[in-house]
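S.K.: Once you've had a glance at the structure underneath, I'll fire off some questions.
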Amino acid sequence: MLKLIVTIIFSTQVILTLNASERVVVSNWLMTGPFEVNYPVFYDTENVEGETFTDRRLLLFDHLDLTDYYPAEDKTVQWLNGENGTWQPLSGDASGYVTIDSDLEGDKPGIAYLAAYIRTDRWMNVRLELASPYMFEAWLNGEKIGTKSTIEQNDKKQNGNGNNDDEDPGTGGNGQNGDGEDDGGGEAEAGENDNDRESIRDSYGKVTHPVELERGTHLLIIKALRPPDATAEWELMGRIRVEDPFAASDIYPAISPETIKDIRHIMDGIFISSVRPSPDGSLYAISYRRSLPPSGRSETWTDIRRFSDDALVHSFRHASISRLGWLPGSNAVSYTTVRDGRTSVYLHDMERGEKQVLMEDISNFAGMRWSPDESYLVYTIREEGTGADATMRHIQGMQDRQAHFRHRSFLYKLDVSSGVRTRLTHGRQSTSVHDISNDGSRLVFSQTYPDYQERPFYKHDYFMLDMHNLVADTLIANKRWGVSFQFSPDGNYLLATGGPSAFDRIGENIPEGMIANNYDTQAYIYSLADGNVNPITRNFDPSVVSAHWHGSDGHIYFVAGEEDYRRLFRYNVRRERFDRIDTGTDFLSAVHFASKANVATYTGNMVNAPPKAYRLNLRNDNHTVLEDPGAERYQHVLFGEVRDWNFTASTGNLITGRYYLPPDFDPERKYPVIVYQYGGTNPVGRSFGGRYPFNLWAGNGYIVYVLQPAGATGFGQAFSAAHVNNWGKTVAGEIIEGTRKFLEAHPFADPDRVGVAGASYGGFMTMLLLTETDIYTTAISHAGISNITSYWGEGYWGYSYSAEATARSFPWDSQEIYVDQSPLFKADRITTPLLLVTGDSDTNVPPGESIQMYTALKLLGRPVELILVKGEDHHILTYNRRIEWHKAIMAWWDKYLKDQPEWWEEQYPKKYY
């Protein structure tokens, strides 16, 4: 496990030159201990294998858990019997040896821990060398790299306790290195044999190990053991052998744990999935997720805590449950378990500690929703479609290419008091529940079905179901643009969210001649009395992400994208006014409301700070932090500044953007630049992680410029409508113009080292940009579209996405889009080195889109590489593949923007097939 760490405090490094290599001495360490340890009872008695307990076995026993542990000066270490130690600096002599002072009794073994941080300015392949007269184990970034199991004292080599238990493949000693290479008992360096002491040190056994060091700082921990009655001085030496093409000046030992963000920060540790308040606002349910490397599996669980003192009320860890949620009006939760593919539903009262089985062994269970009065719940059963796995499959429309299309879902009701179940819906189309009225008497549900003759190629029907007599009345029928409904607190209105064209285009606010972008979500209030629709966000520029009509105060709360921020807004229904609520975040993930209290909870992050869980008092809008799981993980991480930078394009559009600086930014230097763009209908939000963590890239010595060209939501409907029927016609020019102006405005940005990247639609834009300019030194396109026509027809959602992005335009009547804007048809203009990356199972943008461009550029003799990520869809999610994918991207940037090809060549050496 390689942790990338940047340090500010550097130790003095000693460089020894020997032949064609250089050696950097680790002359400063942190040390804690020595601590006295004991042998187990009967240690000198042979076990069933005829072996006694050796010093080596004592060394290999894990006395401390050092996983994700970062030593720091004066940091306390707890030991046995109330004994504590602290990490203290320890300096070496001119040869790099440090002496471990010990006042332990002579008949007791002792253990000391030493730690050093190794900073590198680039990816390097080096050899680490460690030597001592006694036994030790070595870890680099949490991974054991070697064990020395011999003892040398008084110039006579002997095994600890008379037994060299050397079965571990990472061991080395008595001249044997950690990876099996013979060092001949330790090489004598120039001038080292001038005295007896250096000759004695030459006899020490070594551990040597080849290591790959990514840019940053790496943690080296040594666990050293001194046997009883030791006579030799307890000392240890560490150094790093550096060979061409790497230089010793690129590596710096240090004792500070300060670090840059790395891929392990993103992948490892505990993350908050959601936080939800109980109906009365006294408790909250907080859900966690944790990866379990290197297996690729993960662990999820939910805890119930009190707001007043954060006390744990109940934990569902290791409970193997799902769909846990609060009941609408009481401090009870329901959840499901699955056994042999069949689902059971449970109710757990948090106050009384009672658990009740509501339903057992339900086949094809697909979800549930409680009535607000808790008298019943509505659940969904999926009915399997037929013929989906047929050898000769007759496709019934474009959607039928998807394996799940033939399945149908229908609604059922469970009466809680009697346990009686009732089927609510049947028919040809699936039914989806939207909401249940507060008195439980009515339910809104919908059906959606394809209509391939009219854009957007779907139709929607909405119904109001009387829950007493099961009579359904049609609310709205045969509508082209769908919405989601929820009841107002009084049950007289429905709050709807959908595109501007919903409700016969009443929500559109665009100039004449433009077509609305229906990914720019709006909100409407629908009157059940007369069917009147009020488009309450028509003049509200932020794009709605979620909405909640709160029963306690009667206000509507919106999570909405405002430019590249995601914020919380309150809409006063009576005054018809929006107010932004300060949440202390740049980017909200989700907000949940207590149904009977003025309390909300949410998760969110700042652009350079990891997500936290918050509580919000809706009476005074004060927010407090509930949990900050990233605090410890990021406590030593350094971030550079993030600055806004906007420009007015020649199109007349104000193009907003931001750029990330390296943590050690020096305005007098010139830095390589990475331009990231999407160019499609969504802004690149100020998230902290994501597929492309910009602050991680910046930590690796790049300036990262992110811009939001025309077409993105959150800037008003006229701005987002520019996406329709454009496909880069104006957007490419805005990105190129923005790049040029950014380079001109910032002298520290190197115009000769500029990369560009994007994913999905942004991958399309990346390829298109290369057909129109040579301003970029290199480019990365992830899951990009090279041929708009093939994507339109082949991608699972190509034709439906194009119903918005290419509204009323088709391959047979719009060559100016489908051909002229397709990068594939202009591939001969591309001369910039291009990396194409895609999941080989991508159903959104099929891998053929990258393969077509790869084929074209290969035949043209242009610099191009293609990586297919096995088994991955549109997002690279599998743990190890995500890390490999990330390393490939960083190595590509280093190769072309830093003239450092070694990391790329290590990962992808040239083959001669």
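Letters for chains follow the order of the structure tokens (A, B, ...), residue numbers begin at 1 for each chain, and ligand numbers begin at 1 in the order shown.
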Identify all residues of segment 22-123 of chain A in strand (DSSP E) (DSSP on the backbone) and supply them as a PyMOL selection string.
M.R.: chain A and resi 22-25+28-36+76-78+84-86+88-91+97-99+110-120
S.K.: Next, the residues of the selection above should be written as an mmCIF file, in the first residue's frame with N, CA and C atoms.
M.R.:
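The result, stored in result-v1.cif:
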data_model
loop_
_atom_site.group_PDB
_atom_site.id
_atom_site.type_symbol
_atom_site.label_atom_id
_atom_site.label_comp_id
_atom_site.auth_asym_id
_atom_site.auth_seq_id
_atom_site.Cartn_x
_atom_site.Cartn_y
_atom_site.Cartn_z
ATOM 1 N N GLU A 22 23.590 6.261 -6.671
ATOM 2 C CA GLU A 22 23.743 7.136 -5.524
ATOM 3 C C GLU A 22 22.924 6.551 -4.377
ATOM 4 N N ARG A 23 23.410 6.799 -3.163
ATOM 5 C CA ARG A 23 22.694 6.320 -1.987
ATOM 6 C C ARG A 23 22.348 7.494 -1.089
ATOM 7 N N VAL A 24 21.076 7.572 -0.761
ATOM 8 C CA VAL A 24 20.586 8.616 0.135
ATOM 9 C C VAL A 24 20.425 7.999 1.509
ATOM 10 N N VAL A 25 21.113 8.553 2.494
ATOM 11 C CA VAL A 25 21.086 8.013 3.851
ATOM 12 C C VAL A 25 19.890 8.586 4.600
ATOM 13 N N ASN A 28 17.747 10.766 9.889
ATOM 14 C CA ASN A 28 16.874 11.216 10.971
ATOM 15 C C ASN A 28 15.633 10.326 11.050
ATOM 16 N N TRP A 29 15.301 9.925 12.272
ATOM 17 C CA TRP A 29 14.178 9.042 12.512
ATOM 18 C C TRP A 29 13.345 9.583 13.669
ATOM 19 N N LEU A 30 12.153 9.043 13.793
ATOM 20 C CA LEU A 30 11.378 9.139 15.025
ATOM 21 C C LEU A 30 11.445 7.779 15.702
ATOM 22 N N MET A 31 11.558 7.761 17.030
ATOM 23 C CA MET A 31 11.622 6.484 17.740
ATOM 24 C C MET A 31 10.740 6.534 18.979
ATOM 25 N N THR A 32 10.121 5.399 19.282
ATOM 26 C CA THR A 32 9.442 5.222 20.555
ATOM 27 C C THR A 32 9.889 3.907 21.169
ATOM 28 N N GLY A 33 9.969 3.881 22.488
ATOM 29 C CA GLY A 33 10.524 2.728 23.186
ATOM 30 C C GLY A 33 11.962 3.033 23.590
ATOM 31 N N PRO A 34 12.739 1.983 23.874
ATOM 32 C CA PRO A 34 12.377 0.556 23.836
ATOM 33 C C PRO A 34 11.404 0.175 24.950
ATOM 34 N N PHE A 35 10.591 -0.858 24.639
ATOM 35 C CA PHE A 35 9.646 -1.408 25.580
ATOM 36 C C PHE A 35 10.068 -2.829 25.952
ATOM 37 N N GLU A 36 9.881 -3.136 27.200
ATOM 38 C CA GLU A 36 10.183 -4.494 27.646
ATOM 39 C C GLU A 36 9.070 -5.436 27.211
ATOM 40 N N THR A 76 1.830 10.152 21.509
ATOM 41 C CA THR A 76 1.919 9.151 22.570
ATOM 42 C C THR A 76 1.593 7.758 22.049
ATOM 43 N N VAL A 77 2.331 6.776 22.561
ATOM 44 C CA VAL A 77 2.076 5.370 22.277
ATOM 45 C C VAL A 77 1.781 4.687 23.611
ATOM 46 N N GLN A 78 0.638 4.015 23.687
ATOM 47 C CA GLN A 78 0.269 3.303 24.913
ATOM 48 C C GLN A 78 0.844 1.888 24.873
ATOM 49 N N ASN A 84 3.675 4.344 28.904
ATOM 50 C CA ASN A 84 3.488 5.111 27.683
ATOM 51 C C ASN A 84 4.849 5.477 27.100
ATOM 52 N N GLY A 85 4.855 5.618 25.804
ATOM 53 C CA GLY A 85 6.038 6.115 25.126
ATOM 54 C C GLY A 85 5.643 7.268 24.223
ATOM 55 N N THR A 86 6.604 8.041 23.799
ATOM 56 C CA THR A 86 6.352 9.118 22.843
ATOM 57 C C THR A 86 7.347 8.992 21.708
ATOM 58 N N GLN A 88 10.063 10.384 19.508
ATOM 59 C CA GLN A 88 11.062 11.433 19.652
ATOM 60 C C GLN A 88 12.082 11.350 18.525
ATOM 61 N N PRO A 89 12.625 12.515 18.097
ATOM 62 C CA PRO A 89 13.626 12.502 17.012
ATOM 63 C C PRO A 89 14.888 11.757 17.438
ATOM 64 N N LEU A 90 15.500 11.116 16.465
ATOM 65 C CA LEU A 90 16.736 10.365 16.678
ATOM 66 C C LEU A 90 17.613 10.575 15.464
ATOM 67 N N SER A 91 18.824 11.101 15.673
ATOM 68 C CA SER A 91 19.715 11.418 14.561
ATOM 69 C C SER A 91 20.848 10.411 14.485
ATOM 70 N N TYR A 97 24.039 5.541 10.780
ATOM 71 C CA TYR A 97 23.595 4.659 11.852
ATOM 72 C C TYR A 97 23.034 5.478 13.003
ATOM 73 N N VAL A 98 21.863 5.025 13.511
ATOM 74 C CA VAL A 98 21.299 5.600 14.717
ATOM 75 C C VAL A 98 21.442 4.589 15.842
ATOM 76 N N THR A 99 21.692 5.069 17.037
ATOM 77 C CA THR A 99 21.861 4.199 18.201
ATOM 78 C C THR A 99 20.596 4.234 19.039
ATOM 79 N N GLY A 110 13.795 -6.544 24.335
ATOM 80 C CA GLY A 110 13.231 -5.210 24.177
ATOM 81 C C GLY A 110 12.832 -4.952 22.735
ATOM 82 N N ILE A 111 11.804 -4.131 22.564
ATOM 83 C CA ILE A 111 11.320 -3.768 21.231
ATOM 84 C C ILE A 111 11.280 -2.251 21.132
ATOM 85 N N ALA A 112 11.796 -1.739 20.036
ATOM 86 C CA ALA A 112 11.718 -0.314 19.721
ATOM 87 C C ALA A 112 11.117 -0.154 18.337
ATOM 88 N N TYR A 113 10.433 0.959 18.145
ATOM 89 C CA TYR A 113 9.852 1.282 16.844
ATOM 90 C C TYR A 113 10.523 2.550 16.327
ATOM 91 N N LEU A 114 10.932 2.504 15.065
ATOM 92 C CA LEU A 114 11.530 3.658 14.407
ATOM 93 C C LEU A 114 10.713 3.982 13.164
ATOM 94 N N ALA A 115 10.597 5.259 12.859
ATOM 95 C CA ALA A 115 9.804 5.687 11.711
ATOM 96 C C ALA A 115 10.508 6.822 10.999
ATOM 97 N N ALA A 116 10.417 6.801 9.688
ATOM 98 C CA ALA A 116 10.941 7.892 8.863
ATOM 99 C C ALA A 116 10.008 8.069 7.672
ATOM 100 N N TYR A 117 9.902 9.292 7.206
ATOM 101 C CA TYR A 117 9.107 9.608 6.015
ATOM 102 C C TYR A 117 10.057 9.903 4.863
ATOM 103 N N ILE A 118 9.735 9.346 3.710
ATOM 104 C CA ILE A 118 10.592 9.502 2.538
ATOM 105 C C ILE A 118 9.814 10.258 1.473
ATOM 106 N N ARG A 119 10.242 11.464 1.182
ATOM 107 C CA ARG A 119 9.556 12.293 0.199
ATOM 108 C C ARG A 119 10.214 12.142 -1.166
ATOM 109 N N THR A 120 9.387 12.022 -2.203
ATOM 110 C CA THR A 120 9.894 11.997 -3.569
ATOM 111 C C THR A 120 9.160 13.046 -4.393
#
S.K.: From segment 618-779 of chain A, collect each residue whose DSSP state is alpha helix (DSSP H) and return the set as a ChimeraX atom specification.
M.R.: /A:630-633,694-699,717-721,731-745,761-770
S.K.: Write out as number ranges by chain each polymer residue whose atoms come within 12 Å of segment 306-318 of chain A, counting only C-alpha atoms; drop sequence neighbours fewer than 2 positions from it.
M.R.: A: 275-278, 280-290, 298-304, 320-322, 324, 331-337, 348-354, 599-601, 614-617, 624-627
S.K.: Could I get the residues of segment 812-875 of chain A with an atom no further than 10 Å from an atom of segment 745-755 of chain A, each paired with its nearest atom pair and that distance in Å to one decimal, using only C-alpha atoms, sorted by chain and residue number, as JSON lines?
M.R.:
{"residue": "A:Thr832", "atom": "CA", "partner": "A:Gly755", "partner_atom": "CA", "distance": 9.8}
{"residue": "A:Pro833", "atom": "CA", "partner": "A:Gly755", "partner_atom": "CA", "distance": 9.8}
{"residue": "A:Leu834", "atom": "CA", "partner": "A:Gly755", "partner_atom": "CA", "distance": 9.8}
S.K.: Please produce, as a Markdown table, a per-residue contact table for segment 789-884 of chain A versus segment 401-420 of chain A (criterion: any atom at most 10 Å away, only C-alpha atoms considered), showing the nearest atom pair and its distance in Å to one decimal, sorted by chain then residue number.
M.R.:
| residue | atom | partner | partner_atom | distance |
| --- | --- | --- | --- | --- |
| A:Glu794 | CA | A:Arg401 | CA | 9.7 |
| A:Gly795 | CA | A:Arg401 | CA | 9.8 |
| A:Tyr796 | CA | A:Gln402 | CA | 7.1 |
| A:Trp797 | CA | A:Gln402 | CA | 10.0 |
| A:Thr843 | CA | A:Gln402 | CA | 9.0 |
S.K.: Keeping only N, CA and C atoms, write those residues as a compact mmCIF listing (two decimals), in the first residue's frame.
M.R.:
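New file result-v6.txt:
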# COMPACT_ATOMS: atom_id res chain seq x y z
N GLU A 794 -26.43 2.87 -30.67
CA GLU A 794 -25.92 1.70 -29.98
C GLU A 794 -25.97 1.81 -28.46
N GLY A 795 -25.71 2.96 -27.90
CA GLY A 795 -25.73 3.12 -26.46
C GLY A 795 -27.13 2.89 -25.91
N TYR A 796 -27.22 2.30 -24.74
CA TYR A 796 -28.53 1.99 -24.16
C TYR A 796 -29.41 3.23 -24.08
N TRP A 797 -28.81 4.35 -23.75
CA TRP A 797 -29.58 5.58 -23.60
C TRP A 797 -29.17 6.63 -24.65
N THR A 843 -22.30 0.26 -20.83
CA THR A 843 -23.57 0.23 -21.54
C THR A 843 -24.09 1.63 -21.83
